[in-house]
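Structure data follow from coords.tsv (TSV, C-alpha atoms and all ligand atoms):
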```tsv
chain	number	residue	atom	x	y	z
A	1	MET	CA	-73.33	-91.70	-23.45
A	2	SER	CA	-71.53	-88.96	-21.50
A	3	GLN	CA	-68.37	-89.52	-19.56
A	4	LEU	CA	-70.31	-89.20	-16.34
A	5	ASP	CA	-72.81	-91.90	-17.30
A	6	GLU	CA	-69.98	-94.22	-18.14
A	7	ASN	CA	-68.55	-93.83	-14.69
A	8	VAL	CA	-71.87	-94.45	-13.01
A	9	SER	CA	-72.87	-97.47	-15.07
A	10	ARG	CA	-70.72	-100.29	-13.87
A	11	LEU	CA	-72.86	-103.33	-14.60
A	12	GLY	CA	-74.28	-104.89	-17.73
A	13	TYR	CA	-77.96	-104.24	-18.43
A	14	VAL	CA	-80.59	-106.96	-18.20
A	15	GLU	CA	-84.05	-106.33	-19.63
A	16	PRO	CA	-86.78	-107.03	-17.03
A	17	LEU	CA	-89.33	-109.67	-18.04
A	18	GLU	CA	-93.05	-109.10	-17.78
A	19	GLN	CA	-94.23	-109.35	-14.14
A	20	GLU	CA	-90.83	-110.63	-13.03
A	21	SER	CA	-90.21	-110.56	-9.29
A	22	ILE	CA	-87.21	-108.60	-8.03
A	23	SER	CA	-85.67	-111.80	-6.66
A	24	HIS	CA	-85.69	-113.46	-10.07
A	25	TYR	CA	-84.46	-110.30	-11.78
A	26	LEU	CA	-81.52	-109.75	-9.42
A	27	GLY	CA	-80.45	-113.37	-9.86
A	28	ARG	CA	-80.36	-112.96	-13.65
A	29	LEU	CA	-78.57	-109.66	-13.30
A	30	ARG	CA	-75.86	-111.18	-11.14
A	31	ARG	CA	-75.33	-114.16	-13.43
A	32	LEU	CA	-75.02	-112.08	-16.61
A	33	LYS	CA	-71.54	-112.95	-17.85
A	34	ALA	CA	-70.43	-109.33	-17.92
A	35	ASN	CA	-71.44	-108.95	-14.27
A	36	SER	CA	-70.60	-112.33	-12.71
A	37	LEU	CA	-71.46	-111.34	-9.18
A	38	PRO	CA	-71.18	-114.57	-7.19
A	39	SER	CA	-73.51	-113.63	-4.37
A	40	ALA	CA	-76.33	-111.30	-3.44
A	41	TYR	CA	-73.88	-109.68	-1.08
A	42	ALA	CA	-71.49	-108.88	-3.96
A	43	LEU	CA	-74.30	-106.98	-5.66
A	44	GLY	CA	-75.11	-105.18	-2.44
A	45	GLN	CA	-71.50	-104.11	-2.15
A	46	ALA	CA	-71.39	-102.87	-5.74
A	47	ALA	CA	-74.41	-100.69	-4.96
A	48	ASP	CA	-73.06	-99.68	-1.55
A	49	LEU	CA	-76.06	-101.27	0.16
A	50	GLY	CA	-74.46	-104.05	2.19
A	51	GLY	CA	-76.85	-106.95	2.74
A	52	VAL	CA	-80.02	-105.20	1.58
A	53	THR	CA	-80.23	-106.83	-1.86
A	54	ALA	CA	-79.68	-110.26	-0.29
A	55	ARG	CA	-82.90	-109.66	1.66
A	56	TRP	CA	-84.74	-108.70	-1.53
A	57	GLU	CA	-83.55	-111.91	-3.20
A	58	LYS	CA	-85.20	-113.83	-0.36
A	59	LEU	CA	-88.39	-111.79	-0.89
A	60	TYR	CA	-88.06	-110.20	2.51
A	61	PHE	CA	-89.31	-106.63	2.20
A	62	ASN	CA	-89.52	-105.53	5.78
A	63	PRO	CA	-88.43	-102.76	5.91
A	64	PHE	CA	-89.71	-102.02	2.39
A	65	PRO	CA	-87.05	-101.04	-0.18
A	66	THR	CA	-86.61	-97.27	-0.27
A	67	GLU	CA	-86.38	-95.16	-3.41
A	68	GLU	CA	-82.75	-94.41	-2.56
A	69	GLU	CA	-81.86	-98.10	-2.31
A	70	LEU	CA	-83.68	-99.02	-5.52
A	71	GLY	CA	-82.12	-95.99	-7.22
A	72	ALA	CA	-78.63	-97.11	-6.19
A	73	VAL	CA	-79.10	-100.47	-7.96
A	74	ALA	CA	-80.90	-98.90	-10.93
A	75	ARG	CA	-77.99	-96.50	-11.52
A	76	LEU	CA	-75.52	-99.40	-11.67
A	77	ILE	CA	-77.37	-100.89	-14.62
A	78	ARG	CA	-78.94	-97.74	-16.10
A	79	LEU	CA	-82.40	-99.16	-15.50
A	80	ASP	CA	-85.40	-96.88	-15.11
A	81	PRO	CA	-85.95	-97.05	-11.32
A	82	SER	CA	-89.72	-97.21	-11.84
A	83	CYS	CA	-89.19	-100.71	-13.32
A	84	PHE	CA	-88.38	-101.91	-9.82
A	85	GLN	CA	-91.80	-100.86	-8.56
A	86	GLU	CA	-93.38	-103.47	-10.86
A	87	MET	CA	-91.13	-106.19	-9.44
A	88	LEU	CA	-92.22	-105.46	-5.89
A	89	PRO	CA	-95.51	-106.18	-4.12
A	90	HIS	CA	-97.94	-103.42	-5.12
A	91	PRO	CA	-99.48	-101.31	-2.36
A	92	GLY	CA	-102.29	-103.27	-0.76
A	93	MET	CA	-100.82	-106.65	-1.60
A	94	THR	CA	-99.83	-108.82	1.34
A	95	LEU	CA	-96.74	-110.69	0.33
A	96	GLN	CA	-96.19	-114.18	1.61
A	97	PRO	CA	-92.50	-114.94	1.10
A	98	ARG	CA	-92.79	-118.71	1.70
A	99	PRO	CA	-93.47	-121.15	0.24
A	100	ILE	CA	-92.10	-120.01	-3.11
A	101	ARG	CA	-94.85	-120.69	-5.66
A	102	LEU	CA	-94.86	-121.54	-9.34
A	103	CYS	CA	-97.31	-121.74	-12.23
A	104	GLY	CA	-95.74	-123.93	-14.92
A	105	THR	CA	-98.04	-122.50	-17.59
A	106	CYS	CA	-97.04	-118.91	-16.77
A	107	TYR	CA	-93.41	-120.02	-16.77
A	108	ALA	CA	-93.81	-121.53	-20.23
A	109	GLU	CA	-95.14	-118.15	-21.47
A	110	VAL	CA	-92.47	-116.00	-19.81
A	111	PRO	CA	-89.72	-117.84	-17.93
A	112	CYS	CA	-89.62	-116.01	-14.64
A	113	HIS	CA	-91.01	-116.02	-11.12
A	114	ARG	CA	-93.94	-113.56	-10.74
A	115	ILE	CA	-94.34	-111.41	-7.67
A	116	VAL	CA	-98.14	-111.94	-7.82
A	117	TRP	CA	-97.71	-115.65	-7.05
A	118	GLN	CA	-96.65	-114.66	-3.55
A	119	ASP	CA	-99.82	-112.65	-2.92
A	120	LYS	CA	-101.34	-113.98	0.27
A	121	ASP	CA	-104.82	-113.18	-1.05
A	122	VAL	CA	-104.66	-115.15	-4.31
A	123	ILE	CA	-105.04	-118.27	-2.14
A	124	ALA	CA	-102.52	-120.13	-4.22
A	125	VAL	CA	-104.42	-119.93	-7.52
A	126	CYS	CA	-102.76	-118.52	-10.65
A	127	PRO	CA	-104.59	-115.29	-11.50
A	128	HIS	CA	-104.13	-116.04	-15.24
A	129	HIS	CA	-104.75	-119.75	-15.63
A	130	GLU	CA	-107.27	-120.84	-12.97
A	131	VAL	CA	-104.98	-123.56	-11.74
A	132	ARG	CA	-103.55	-124.10	-8.32
A	133	LEU	CA	-100.04	-122.75	-7.90
A	134	LEU	CA	-97.40	-125.31	-7.03
A	135	GLU	CA	-95.59	-124.94	-3.74
A	136	ARG	CA	-93.16	-127.81	-4.25
A	137	CYS	CA	-91.87	-129.97	-7.08
A	138	PRO	CA	-94.63	-132.45	-8.04
A	139	SER	CA	-92.04	-135.16	-8.68
A	140	CYS	CA	-89.65	-135.09	-5.71
A	141	LYS	CA	-91.74	-132.86	-3.40
A	142	THR	CA	-88.82	-130.53	-2.69
A	143	PRO	CA	-89.84	-126.89	-2.04
A	144	PHE	CA	-88.70	-124.44	-4.70
A	145	GLN	CA	-85.55	-122.41	-4.18
A	146	ILE	CA	-85.71	-118.63	-3.96
A	147	PRO	CA	-86.26	-117.28	-7.49
A	148	ALA	CA	-82.84	-115.59	-7.60
A	149	LEU	CA	-81.39	-119.13	-7.78
A	150	TRP	CA	-83.58	-120.32	-10.67
A	151	THR	CA	-80.81	-120.75	-13.19
A	152	ASP	CA	-82.22	-123.20	-15.71
A	153	GLY	CA	-85.98	-123.52	-15.16
A	154	ARG	CA	-85.78	-126.89	-13.43
A	155	CYS	CA	-86.21	-128.34	-9.98
A	156	HIS	CA	-82.79	-127.97	-8.38
A	157	HIS	CA	-83.19	-131.36	-6.71
A	158	CYS	CA	-84.52	-133.77	-9.37
A	159	GLY	CA	-84.16	-131.73	-12.55
A	160	MET	CA	-87.85	-131.74	-13.58
A	161	ARG	CA	-88.58	-128.84	-15.91
A	162	PHE	CA	-90.85	-126.11	-14.55
A	163	THR	CA	-92.78	-126.15	-17.84
A	164	SER	CA	-93.47	-129.89	-17.38
A	165	MET	CA	-95.00	-129.21	-13.99
A	166	ALA	CA	-98.04	-127.49	-15.55
A	167	LYS	CA	-99.85	-130.80	-16.02
A	168	TYR	CA	-99.75	-131.44	-12.28
A	169	GLN	CA	-101.56	-128.20	-11.45
A	170	GLU	CA	-105.09	-128.80	-10.27
A	171	ARG	CA	-107.76	-126.95	-12.29
A	172	ILE	CA	-109.89	-124.59	-10.22
A	173	LYS	CA	-113.45	-124.14	-11.41
A	174	LYS	CA	-114.57	-120.57	-11.96
A	175	PRO	CA	-117.24	-119.58	-9.45
A	176	SER	CA	-120.46	-119.48	-11.52
A	201	ZN	ZN	-100.34	-119.20	-14.61
A	202	ZN	ZN	-87.94	-132.14	-8.02
```
For this file, produce the structure as structure tokens.
Amino acid sequence: MSQLDENVSRLGYVEPLEQESISHYLGRLRRLKANSLPSAYALGQAADLGGVTARWEKLYFNPFPTEEELGAVARLIRLDPSCFQEMLPHPGMTLQPRPIRLCGTCYAEVPCHRIVWQDKDVIAVCPHHEVRLLERCPSCKTPFQIPALWTDGRCHHCGMRFTSMAKYQERIKKPS
């Protein structure tokens, strides 16, 4: 690493998970021990972006993140900026920021919130498992928190594990 890179890279690196949403990723990034950024705003300040990253953590992308903004965060962690494109709604996808959705089976495979779950056009069905996505905890009926706050893979209210929620997801028959 050159001297210059060392100066630019000020945060610890976190490997993105497959299909992870930017909200979930930024939450993990902030909580990494080496980073310990207490709030979305603290991350925004580190990147010189003010409250922009706090909006991303809430899955609010209007206005859409610019290359400069994404680049500013990517430089802090020496992440390939193109990785951020995969964490954002792809062109043509209509993102529905609320309710936050979950597929417990997906979560058991890779423990993260997927940006595709918020696609308005998937009509709340997991594109991988042909089950209805959950929009609240099946046990206590509390809506899910924003993914940036998913610290331990459980309902923040009653503690039910996300992976245990899979059995409550209604099976959707394939159109024959
Ligand atoms: Zn799934
Ligand atoms: Zn609950």
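Distances from A:Glu135, A:Glu69, A:Glu170, A:Asp121 to ligand ZN 202 (chain A) were compared using all atoms listed in the file, and the smallest one belongs to A:Glu135.
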Next item on the list: Check which residues fall inside 9 Å of ligand ZN 201 (chain A) when counting all atoms listed in the file, and print them as a PyMOL selection string.
Entry: chain A and resi 102-109+117+125-133+166
Next item on the list: Could you please give me, as a VMD selection string, the residues of protein, DNA or RNA lying at most 12 Å from (-86.2, -115.9, -9.2) in the coordinate frame of the file, considering all atoms listed in the file?
Entry: chain A and resid 16 to 17 19 to 31 56 to 59 87 100 to 102 107 111 to 115 117 to 118 144 to 154
Check: Which one is closest to ligand ZN 202 (chain A): A:Cys140, A:Val116, A:Val110, A:Ala34? Count only C-alpha atoms and all ligand atoms.
Finding: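 Smallest distance to ligand ZN 202 (chain A) is found for A:Cys140.
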Margin query: I'd like the interatomic distance between atom CA of A:Gly12 and atom CA of A:Phe64, to a tenth of an Å.
Written below: 25.5 Å
Notebook entry, point to check: Hey, which residues come within 8 Å of ligand ZN 202 (chain A) if we count all atoms listed in the file? Could you give them as a PyMOL selection string?
Noted result: chain A and resi 136-142+154-160
Notebook entry, point to check: Of the candidates A:Ile123, A:His90, A:Leu11, A:Ala72, which shows the shortest atom-to-atom distance to A:Ser36, using all atoms listed in the file?
Noted result: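 The closest residue to A:Ser36 is A:Leu11.
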Next item on the list: Could you check how far atom CA of A:Phe84 sits from atom CA of A:Val52, in Å to one decimal?
Entry: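 Taking atom CA of A:Phe84 as the start and atom CA of A:Val52 as the end point, the length is 14.5 Å.
You will find atom CA of A:Pro97 at 19.8 Å from atom CA of A:Ser39.
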Checklist line | Residue nearest A:Cys83 - candidates A:Gly44, A:Pro99, A:Gly71, A:Pro63, atoms counted: all atoms listed in the file | finding: A:Gly71
Note to self: Under the rule that all atoms listed in the file are counted, which of A:Gly50, A:Pro38, A:Pro143, A:Pro91 is the nearest residue to A:Asp119?
What the structure shows: A:Pro91
Please, can stretch 82-93 of chain A be completed to all heavy atoms and returned as a tab-separated table (two decimals), in the coordinates of the input?
```tsv
chain	number	residue	atom	x	y	z
A	82	SER	N	-88.30	-96.87	-11.98
A	82	SER	CA	-89.72	-97.21	-11.84
A	82	SER	C	-89.97	-98.68	-12.21
A	82	SER	O	-90.97	-99.27	-11.79
A	82	SER	CB	-90.58	-96.28	-12.70
A	82	SER	OG	-90.38	-96.56	-14.06
A	83	CYS	N	-89.05	-99.29	-12.98
A	83	CYS	CA	-89.19	-100.71	-13.32
A	83	CYS	C	-89.18	-101.56	-12.06
A	83	CYS	O	-89.83	-102.61	-12.01
A	83	CYS	CB	-88.06	-101.17	-14.22
A	83	CYS	SG	-88.13	-100.48	-15.87
A	84	PHE	N	-88.44	-101.13	-11.05
A	84	PHE	CA	-88.38	-101.91	-9.82
A	84	PHE	C	-89.73	-101.96	-9.10
A	84	PHE	O	-90.05	-102.95	-8.44
A	84	PHE	CB	-87.31	-101.34	-8.88
A	84	PHE	CG	-85.93	-101.85	-9.17
A	84	PHE	CD1	-84.87	-100.97	-9.31
A	84	PHE	CD2	-85.68	-103.21	-9.29
A	84	PHE	CE1	-83.59	-101.44	-9.57
A	84	PHE	CE2	-84.42	-103.69	-9.55
A	84	PHE	CZ	-83.36	-102.80	-9.70
A	85	GLN	N	-90.49	-100.88	-9.25
A	85	GLN	CA	-91.80	-100.86	-8.56
A	85	GLN	C	-92.67	-102.03	-9.03
A	85	GLN	O	-93.43	-102.60	-8.26
A	85	GLN	CB	-92.53	-99.53	-8.80
A	85	GLN	CG	-91.79	-98.30	-8.26
A	85	GLN	CD	-91.49	-98.37	-6.77
A	85	GLN	OE1	-92.15	-99.08	-6.03
A	85	GLN	NE2	-90.45	-97.65	-6.34
A	86	GLU	N	-92.57	-102.39	-10.31
A	86	GLU	CA	-93.38	-103.47	-10.86
A	86	GLU	C	-92.90	-104.84	-10.40
A	86	GLU	O	-93.63	-105.82	-10.50
A	86	GLU	CB	-93.32	-103.44	-12.39
A	86	GLU	CG	-93.39	-102.03	-12.92
A	86	GLU	CD	-94.31	-101.87	-14.10
A	86	GLU	OE1	-94.44	-102.84	-14.87
A	86	GLU	OE2	-94.89	-100.78	-14.21
A	87	MET	N	-91.68	-104.90	-9.90
A	87	MET	CA	-91.13	-106.19	-9.44
A	87	MET	C	-91.40	-106.42	-7.96
A	87	MET	O	-91.06	-107.46	-7.43
A	87	MET	CB	-89.61	-106.20	-9.65
A	87	MET	CG	-89.18	-106.02	-11.08
A	87	MET	SD	-87.37	-106.14	-11.15
A	87	MET	CE	-87.06	-105.18	-12.63
A	88	LEU	N	-91.97	-105.40	-7.33
A	88	LEU	CA	-92.22	-105.46	-5.89
A	88	LEU	C	-93.71	-105.63	-5.64
A	88	LEU	O	-94.53	-105.34	-6.51
A	88	LEU	CB	-91.73	-104.16	-5.24
A	88	LEU	CG	-90.21	-103.99	-5.19
A	88	LEU	CD1	-89.85	-102.54	-4.94
A	88	LEU	CD2	-89.60	-104.90	-4.14
A	89	PRO	N	-94.08	-106.10	-4.44
A	89	PRO	CA	-95.51	-106.18	-4.12
A	89	PRO	C	-96.14	-104.80	-4.26
A	89	PRO	O	-95.58	-103.81	-3.80
A	89	PRO	CB	-95.54	-106.63	-2.66
A	89	PRO	CG	-94.15	-106.96	-2.27
A	89	PRO	CD	-93.21	-106.51	-3.33
A	90	HIS	N	-97.28	-104.72	-4.95
A	90	HIS	CA	-97.94	-103.42	-5.12
A	90	HIS	C	-98.60	-103.03	-3.80
A	90	HIS	O	-98.86	-103.89	-2.95
A	90	HIS	CB	-98.94	-103.46	-6.27
A	90	HIS	CG	-100.01	-104.49	-6.12
A	90	HIS	ND1	-101.08	-104.34	-5.27
A	90	HIS	CD2	-100.15	-105.71	-6.68
A	90	HIS	CE1	-101.83	-105.41	-5.34
A	90	HIS	NE2	-101.30	-106.27	-6.17
A	91	PRO	N	-98.87	-101.74	-3.62
A	91	PRO	CA	-99.48	-101.31	-2.36
A	91	PRO	C	-100.81	-102.04	-2.17
A	91	PRO	O	-101.58	-102.16	-3.10
A	91	PRO	CB	-99.71	-99.80	-2.56
A	91	PRO	CG	-98.84	-99.40	-3.70
A	91	PRO	CD	-98.66	-100.61	-4.56
A	92	GLY	N	-101.04	-102.55	-1.00
A	92	GLY	CA	-102.29	-103.27	-0.76
A	92	GLY	C	-102.13	-104.77	-0.88
A	92	GLY	O	-103.00	-105.53	-0.45
A	93	MET	N	-101.05	-105.21	-1.49
A	93	MET	CA	-100.82	-106.65	-1.60
A	93	MET	C	-100.07	-107.13	-0.36
A	93	MET	O	-99.09	-106.51	0.05
A	93	MET	CB	-99.98	-106.95	-2.85
A	93	MET	CG	-99.43	-108.36	-2.91
A	93	MET	SD	-98.50	-108.66	-4.45
A	93	MET	CE	-97.60	-110.14	-4.02
```
